[in-house]
Every structure is written in C-alpha cells, then in structure tokens.
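J.: I'm passing along query.json; it holds JSON, C-alpha atoms.
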```
[["chain", "number", "residue", "atom", "x", "y", "z"],
["A", 1, "MET", "CA", -19.80, 114.61, 55.41],
["A", 2, "THR", "CA", -20.80, 115.20, 59.00],
["A", 3, "MET", "CA", -18.18, 114.24, 61.51],
["A", 4, "ASP", "CA", -18.41, 114.20, 65.28],
["A", 5, "VAL", "CA", -14.76, 114.67, 66.20],
["A", 6, "ALA", "CA", -15.56, 114.78, 69.91],
["A", 7, "ALA", "CA", -16.93, 111.24, 69.65],
["A", 8, "GLY", "CA", -13.70, 109.95, 68.17],
["A", 9, "GLY", "CA", -14.29, 110.43, 64.48],
["A", 10, "SER", "CA", -16.31, 108.66, 61.86],
["A", 11, "ARG", "CA", -15.71, 105.87, 59.43],
["A", 12, "VAL", "CA", -15.70, 107.03, 55.84],
["A", 13, "PRO", "CA", -15.73, 104.60, 52.91],
["A", 14, "ILE", "CA", -13.12, 105.34, 50.26],
["A", 15, "ALA", "CA", -13.88, 104.02, 46.76],
["A", 16, "GLY", "CA", -11.32, 101.50, 45.55],
["A", 17, "VAL", "CA", -9.94, 100.73, 49.01],
["A", 18, "ASP", "CA", -10.93, 97.44, 50.64],
["A", 19, "ASP", "CA", -10.82, 98.77, 54.19],
["A", 20, "LEU", "CA", -12.37, 101.91, 55.65],
["A", 21, "VAL", "CA", -10.60, 105.16, 56.33],
["A", 22, "ARG", "CA", -11.33, 106.53, 59.78],
["A", 23, "LEU", "CA", -10.84, 110.23, 60.59],
["A", 24, "ALA", "CA", -10.08, 110.87, 64.24],
["A", 25, "PRO", "CA", -8.51, 113.55, 66.41],
["A", 26, "VAL", "CA", -4.97, 112.55, 67.25],
["A", 27, "THR", "CA", -4.25, 111.34, 70.77],
["A", 28, "PRO", "CA", -0.91, 111.69, 72.59],
["A", 29, "ASP", "CA", 0.05, 108.07, 71.86],
["A", 30, "GLN", "CA", -0.49, 108.75, 68.12],
["A", 31, "ALA", "CA", 1.82, 111.79, 67.88],
["A", 32, "TRP", "CA", 4.21, 109.60, 65.86],
["A", 33, "ALA", "CA", 1.63, 109.51, 63.04],
["A", 34, "VAL", "CA", 1.39, 113.31, 62.94],
["A", 35, "GLU", "CA", 5.18, 113.53, 62.89],
["A", 36, "ARG", "CA", 5.42, 111.07, 59.98],
["A", 37, "LEU", "CA", 2.75, 112.79, 57.88],
["A", 38, "PHE", "CA", 3.95, 116.31, 58.73],
["A", 39, "GLU", "CA", 7.48, 115.38, 57.67],
["A", 40, "ALA", "CA", 6.20, 113.96, 54.36],
["A", 41, "LEU", "CA", 4.13, 117.10, 53.76],
["A", 42, "HIS", "CA", 7.10, 119.37, 54.28],
["A", 43, "ALA", "CA", 9.42, 117.21, 52.21],
["A", 44, "HIS", "CA", 6.96, 117.79, 49.37],
["A", 45, "ASN", "CA", 6.57, 121.51, 50.20],
["A", 46, "ALA", "CA", 10.35, 121.94, 50.14],
["A", 47, "THR", "CA", 10.36, 120.71, 46.53],
["A", 48, "LEU", "CA", 7.96, 123.58, 45.72],
["A", 49, "ASP", "CA", 9.84, 126.18, 47.77],
["A", 50, "PRO", "CA", 13.12, 125.35, 49.55],
["A", 51, "LEU", "CA", 12.25, 127.79, 52.36],
["A", 52, "PHE", "CA", 9.56, 125.35, 53.56],
["A", 53, "CYS", "CA", 12.07, 122.72, 54.70],
["A", 54, "LEU", "CA", 11.84, 121.72, 58.34],
["A", 55, "GLY", "CA", 14.44, 123.05, 60.73],
["A", 56, "PRO", "CA", 16.42, 121.46, 63.55],
["A", 57, "GLY", "CA", 14.21, 120.50, 66.48],
["A", 58, "TRP", "CA", 11.00, 120.59, 64.45],
["A", 59, "GLN", "CA", 9.73, 117.38, 66.09],
["A", 60, "LEU", "CA", 9.82, 118.97, 69.55],
["A", 61, "ALA", "CA", 8.13, 122.15, 68.27],
["A", 62, "LEU", "CA", 5.41, 120.04, 66.63],
["A", 63, "TYR", "CA", 4.84, 118.07, 69.83],
["A", 64, "GLN", "CA", 4.63, 121.29, 71.86],
["A", 65, "HIS", "CA", 2.06, 122.56, 69.38],
["A", 66, "LEU", "CA", 0.01, 119.38, 69.90],
["A", 67, "LEU", "CA", 0.35, 119.65, 73.70],
["A", 68, "ARG", "CA", -1.07, 123.19, 73.57],
["A", 69, "HIS", "CA", -4.04, 122.03, 71.52],
["A", 70, "TRP", "CA", -4.75, 119.13, 73.84],
["A", 71, "ALA", "CA", -4.59, 121.46, 76.85],
["A", 72, "ASP", "CA", -6.71, 124.37, 75.60],
["A", 73, "ASP", "CA", -8.74, 123.03, 72.65],
["A", 74, "THR", "CA", -7.64, 125.89, 70.35],
["A", 75, "GLY", "CA", -6.88, 123.65, 67.40],
["A", 76, "LEU", "CA", -7.71, 120.43, 65.66],
["A", 77, "THR", "CA", -5.34, 117.75, 64.45],
["A", 78, "LEU", "CA", -7.01, 114.91, 62.57],
["A", 79, "VAL", "CA", -5.35, 111.80, 61.26],
["A", 80, "ALA", "CA", -6.94, 109.63, 58.59],
["A", 81, "TRP", "CA", -6.30, 105.96, 59.31],
["A", 82, "LEU", "CA", -6.49, 103.07, 56.88],
["A", 83, "GLY", "CA", -6.47, 100.24, 59.38],
["A", 84, "ASP", "CA", -3.44, 101.00, 61.55],
["A", 85, "GLU", "CA", -1.70, 103.08, 58.87],
["A", 86, "PRO", "CA", -1.88, 106.89, 58.97],
["A", 87, "VAL", "CA", -2.71, 108.11, 55.44],
["A", 88, "GLY", "CA", -3.90, 111.69, 55.92],
["A", 89, "LEU", "CA", -3.40, 114.73, 58.13],
["A", 90, "LEU", "CA", -5.33, 117.92, 58.78],
["A", 91, "MET", "CA", -4.19, 120.57, 61.25],
["A", 92, "MET", "CA", -6.37, 123.59, 62.08],
["A", 93, "ASP", "CA", -5.68, 126.45, 64.46],
["A", 94, "GLY", "CA", -7.87, 129.17, 65.91],
["A", 95, "HIS", "CA", -6.33, 132.56, 65.15],
["A", 96, "VAL", "CA", -6.85, 135.96, 66.74],
["A", 97, "ASP", "CA", -5.16, 139.05, 65.27],
["A", 98, "PRO", "CA", -4.28, 142.03, 67.50],
["A", 99, "ALA", "CA", -7.10, 144.33, 68.62],
["A", 100, "LEU", "CA", -6.00, 146.78, 65.91],
["A", 101, "PHE", "CA", -8.27, 144.94, 63.47],
["A", 102, "LEU", "CA", -12.06, 144.68, 63.41],
["A", 103, "HIS", "CA", -12.20, 141.26, 61.69],
["A", 104, "ARG", "CA", -9.54, 139.51, 63.71],
["A", 105, "HIS", "CA", -10.91, 136.03, 64.51],
["A", 106, "TRP", "CA", -10.51, 133.21, 62.00],
["A", 107, "ALA", "CA", -9.34, 129.63, 61.65],
["A", 108, "GLU", "CA", -6.17, 128.70, 59.81],
["A", 109, "LEU", "CA", -5.67, 125.49, 57.92],
["A", 110, "LEU", "CA", -2.07, 124.78, 58.95],
["A", 111, "ALA", "CA", -1.47, 121.46, 57.25],
["A", 112, "LEU", "CA", -3.25, 119.15, 54.82],
["A", 113, "TYR", "CA", -1.60, 116.00, 53.53],
["A", 114, "VAL", "CA", -2.72, 112.74, 51.96],
["A", 115, "ALA", "CA", -0.19, 109.96, 51.45],
["A", 116, "PRO", "CA", 0.44, 109.16, 47.77],
["A", 117, "GLY", "CA", -1.23, 105.73, 47.96],
["A", 118, "ALA", "CA", -4.46, 107.25, 49.31],
["A", 119, "ARG", "CA", -4.76, 110.11, 46.81],
["A", 120, "GLY", "CA", -7.53, 110.33, 44.25],
["A", 121, "GLN", "CA", -10.13, 109.01, 46.71],
["A", 122, "ALA", "CA", -11.56, 112.39, 47.88],
["A", 123, "LEU", "CA", -9.82, 112.03, 51.25],
["A", 124, "ALA", "CA", -8.43, 115.59, 51.10],
["A", 125, "ARG", "CA", -11.97, 116.91, 50.60],
["A", 126, "ARG", "CA", -13.21, 114.89, 53.55],
["A", 127, "LEU", "CA", -10.43, 116.28, 55.73],
["A", 128, "ILE", "CA", -11.25, 119.83, 54.58],
["A", 129, "ASP", "CA", -14.94, 119.24, 55.32],
["A", 130, "ALA", "CA", -14.05, 118.11, 58.84],
["A", 131, "GLY", "CA", -11.89, 121.22, 59.34],
["A", 132, "VAL", "CA", -14.67, 123.50, 58.09],
["A", 133, "SER", "CA", -17.12, 121.80, 60.47],
["A", 134, "TRP", "CA", -14.71, 122.33, 63.36],
["A", 135, "THR", "CA", -14.39, 126.00, 62.33],
["A", 136, "ARG", "CA", -18.17, 126.52, 62.23],
["A", 137, "GLU", "CA", -18.68, 124.79, 65.59],
["A", 138, "ARG", "CA", -16.27, 127.29, 67.18],
["A", 139, "GLY", "CA", -17.93, 130.31, 65.59],
["A", 140, "PHE", "CA", -15.05, 131.39, 63.37],
["A", 141, "PRO", "CA", -16.33, 133.29, 60.32],
["A", 142, "ARG", "CA", -13.73, 131.96, 57.86],
["A", 143, "VAL", "CA", -10.84, 129.61, 57.17],
["A", 144, "GLN", "CA", -7.59, 130.89, 55.71],
["A", 145, "LEU", "CA", -4.49, 129.08, 54.52],
["A", 146, "TYR", "CA", -1.12, 129.67, 52.91],
["A", 147, "LEU", "CA", -0.41, 127.96, 49.61],
["A", 148, "THR", "CA", 2.84, 127.91, 47.66],
["A", 149, "ALA", "CA", 2.36, 129.72, 44.35],
["A", 150, "SER", "CA", 3.70, 126.77, 42.34],
["A", 151, "ASN", "CA", 1.29, 124.26, 43.91],
["A", 152, "ALA", "CA", -1.19, 123.95, 41.02],
["A", 153, "PRO", "CA", -2.91, 120.78, 42.36],
["A", 154, "GLY", "CA", -3.38, 122.51, 45.73],
["A", 155, "ARG", "CA", -4.88, 125.59, 44.09],
["A", 156, "GLU", "CA", -7.33, 123.42, 42.17],
["A", 157, "LEU", "CA", -8.29, 121.42, 45.28],
["A", 158, "TYR", "CA", -8.91, 124.51, 47.40],
["A", 159, "ARG", "CA", -10.77, 126.30, 44.60],
["A", 160, "SER", "CA", -13.00, 123.26, 44.08],
["A", 161, "THR", "CA", -13.88, 123.20, 47.80],
["A", 162, "GLY", "CA", -14.96, 126.85, 47.86],
["A", 163, "PHE", "CA", -11.76, 128.68, 48.81],
["A", 164, "HIS", "CA", -10.78, 131.77, 46.82],
["A", 165, "LEU", "CA", -7.66, 133.87, 46.48],
["A", 166, "CYS", "CA", -7.90, 136.97, 48.65],
["A", 167, "GLN", "CA", -4.30, 137.99, 49.28],
["A", 168, "GLU", "CA", -0.81, 137.37, 47.93],
["A", 169, "ILE", "CA", 2.45, 137.19, 49.80],
["A", 170, "TRP", "CA", 5.44, 138.60, 47.94],
["A", 171, "ARG", "CA", 9.03, 137.93, 48.89],
["A", 172, "LEU", "CA", 12.37, 139.51, 48.11],
["A", 173, "ASP", "CA", 15.20, 137.05, 48.68],
["A", 174, "LEU", "CA", 18.42, 138.82, 49.69]]
```
Could you take the file, read its structure, and then write that structure out as structure tokens?
T.:
Amino acid sequence: MTMDVAAGGSRVPIAGVDDLVRLAPVTPDQAWAVERLFEALHAHNATLDPLFCLGPGWQLALYQHLLRHWADDTGLTLVAWLGDEPVGLLMMDGHVDPALFLHRHWAELLALYVAPGARGQALARRLIDAGVSWTRERGFPRVQLYLTASNAPGRELYRSTGFHLCQEIWRLDL
C-alpha cells in the first residue's frame, strides 16, 4: 500500500466490511480517539505483563507526546477510521541514541492496535506498511519495537511483515 499521510491519508478497502477504512494522521480534535485506542492496547498488554499497565496521569503524558509530534514532526500517529469510529492505531517515533554509538538513528514502532471487531482484515499490516513508509521517507535505516515475550500473535504478525528478533530484554523482578 502506498499512503500519502501528508495529504490526509488514503482510503483502504477492507474485505468483509461494508464501509471503507481510512488511515489518517491524527489531528488535535481527534486526540480522544488515540486515547481510547491506546487505553485498549495497554489493557490488553497488561494481561500479557502486568508491568505494562498505564499509570496515573497517562492521558496528559500521551497528549503531551502528541503535542510534541505536531510541533516538530518527529513522529507519526495514525488512526484507522471505519466511518466515524476509530478502529486502529499506529504510533511511530524517530529515535536518536547518544553519540557513543555509530548506528544511532532509527524509528521505533511505539504502538500498534486494531480493535477486536476490525481484526482479521489485514488492517495491522496496512498500518505497519504506513509506518515503514514514514520511516523510509525520513531516511531512518530501520524500525525497531518492543514486544512482550508471551505475545505469540504479535510475534507472528511482525515476523510475517519482515521483522526479526535481534535482541532480548531480560528482567529480574525484586
């Protein structure tokens, strides 16, 4: 899929859905949709790992994150809309490691979520494709993401879209 996010997104037909799903960068008056989908994503993530539950004041922190992206164009937040209903979310961020490292520029996939009623229609792949396009347009050499070890469907999705395991994070709970 080719998507011109600067032009307000594209309309993408989803098999089995009467309407069309439209992917578009979120605008300030649509921040409520990001909040709703982000909360649903992390409710699910917290079932996989309780440490991924959202903390007090997360809505303000999320809105501040969006404000920064709108001001300096360092990230992408896409919402997938089925009519007026938000059914998918993709959040990307440009990342720069400290100058200690040679390969320090990359894009991070911060959030990917598709509402249960819109799953199985390749919407997650379309959102990933849009994020990869955004990454290429900005000259980042790669996309990285964090994935909970117990998220088997997520591993399969990312593997099937070309991602590969390159690092593990280990934790000691005290």
J.: For CA of Ala33 in chain A and CA of Pro86 in chain A, determine how far apart the two atoms are, in Å to one decimal place.
T.: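 Distance reported for this atom pair: 6.0 Å.
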J.: For range 49-57 of chain A, work out the shell of residues within 12 Å, counting only C-alpha atoms and skipping chain neighbours fewer than 4 positions away, then give it as a ChimeraX atom specification.
T.: /A:35,38-45,61-64,146-151,171,173
J.: Can you tell me, as a tab-separated table (two decimals) with C-alpha atoms, in the frame of the given file, what residues are no more than 6 Å from Asp93 in chain A when counting all atoms listed in the file, ignoring any on the same chain fewer than 2 positions away?
T.:
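Final file, part-v4.tsv:
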```
chain	number	residue	atom	x	y	z
A	75	GLY	CA	-6.88	123.65	67.40
A	107	ALA	CA	-9.34	129.63	61.65
A	108	GLU	CA	-6.17	128.70	59.81
```
J.: Would you please work out which residue, of A:Ala99, A:Leu48, A:Val34, A:Ala80, is nearest to Leu127 in chain A when using only C-alpha atoms?
T.: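 Using only C-alpha atoms, Leu127 in chain A sits closest to A:Ala80.
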J.: Show me the residues around (-13.7, 116.8, 53.6) - criterion: an atom at most 12 Å away, all atoms listed in the file counted - as a VMD selection string.
T.: chain A and resid 1 to 3 10 12 14 23 78 80 88 to 90 112 114 121 to 134 157 to 158 160 to 162
J.: Ranking A:Val96, A:Leu172, A:Ala118, A:Leu76 by minimum distance to Glu137 in chain A and counting only C-alpha atoms, which one comes first?
T.: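 Using only C-alpha atoms, the shortest distance to Glu137 in chain A belongs to A:Leu76.
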J.: Just how far from CA of Leu109 in chain A is CA of Met92 in chain A, in Å to one decimal?
T.: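 That distance, rounded to one decimal, is 4.6 Å.
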J.: How many Å lie between CA of Trp106 in chain A and CA of Trp170 in chain A, rounded to one decimal?
T.: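 That distance, rounded to one decimal, is 21.9 Å.
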J.: So, with only C-alpha atoms as the atoms that count, which of A:Val143, A:Leu102, A:Asp72, A:Trp32 lies closest to Cys166 in chain A?
T.: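 Looking at the shortest contact to Cys166 in chain A, the residue is A:Val143.
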J.: With only C-alpha atoms as the atoms that count, which of A:Gln59, A:Thr47, A:Phe163, A:Gly154 lies nearest to Tyr113 in chain A?
T.: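 Using only C-alpha atoms, Tyr113 in chain A sits closest to A:Gly154.
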J.: Nearest residue to Ala31 in chain A out of A:Arg104, A:Arg159, A:Arg138, A:His65, using all atoms listed in the file?
T.: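 Distance minimum relative to Ala31 in chain A lands on A:His65.
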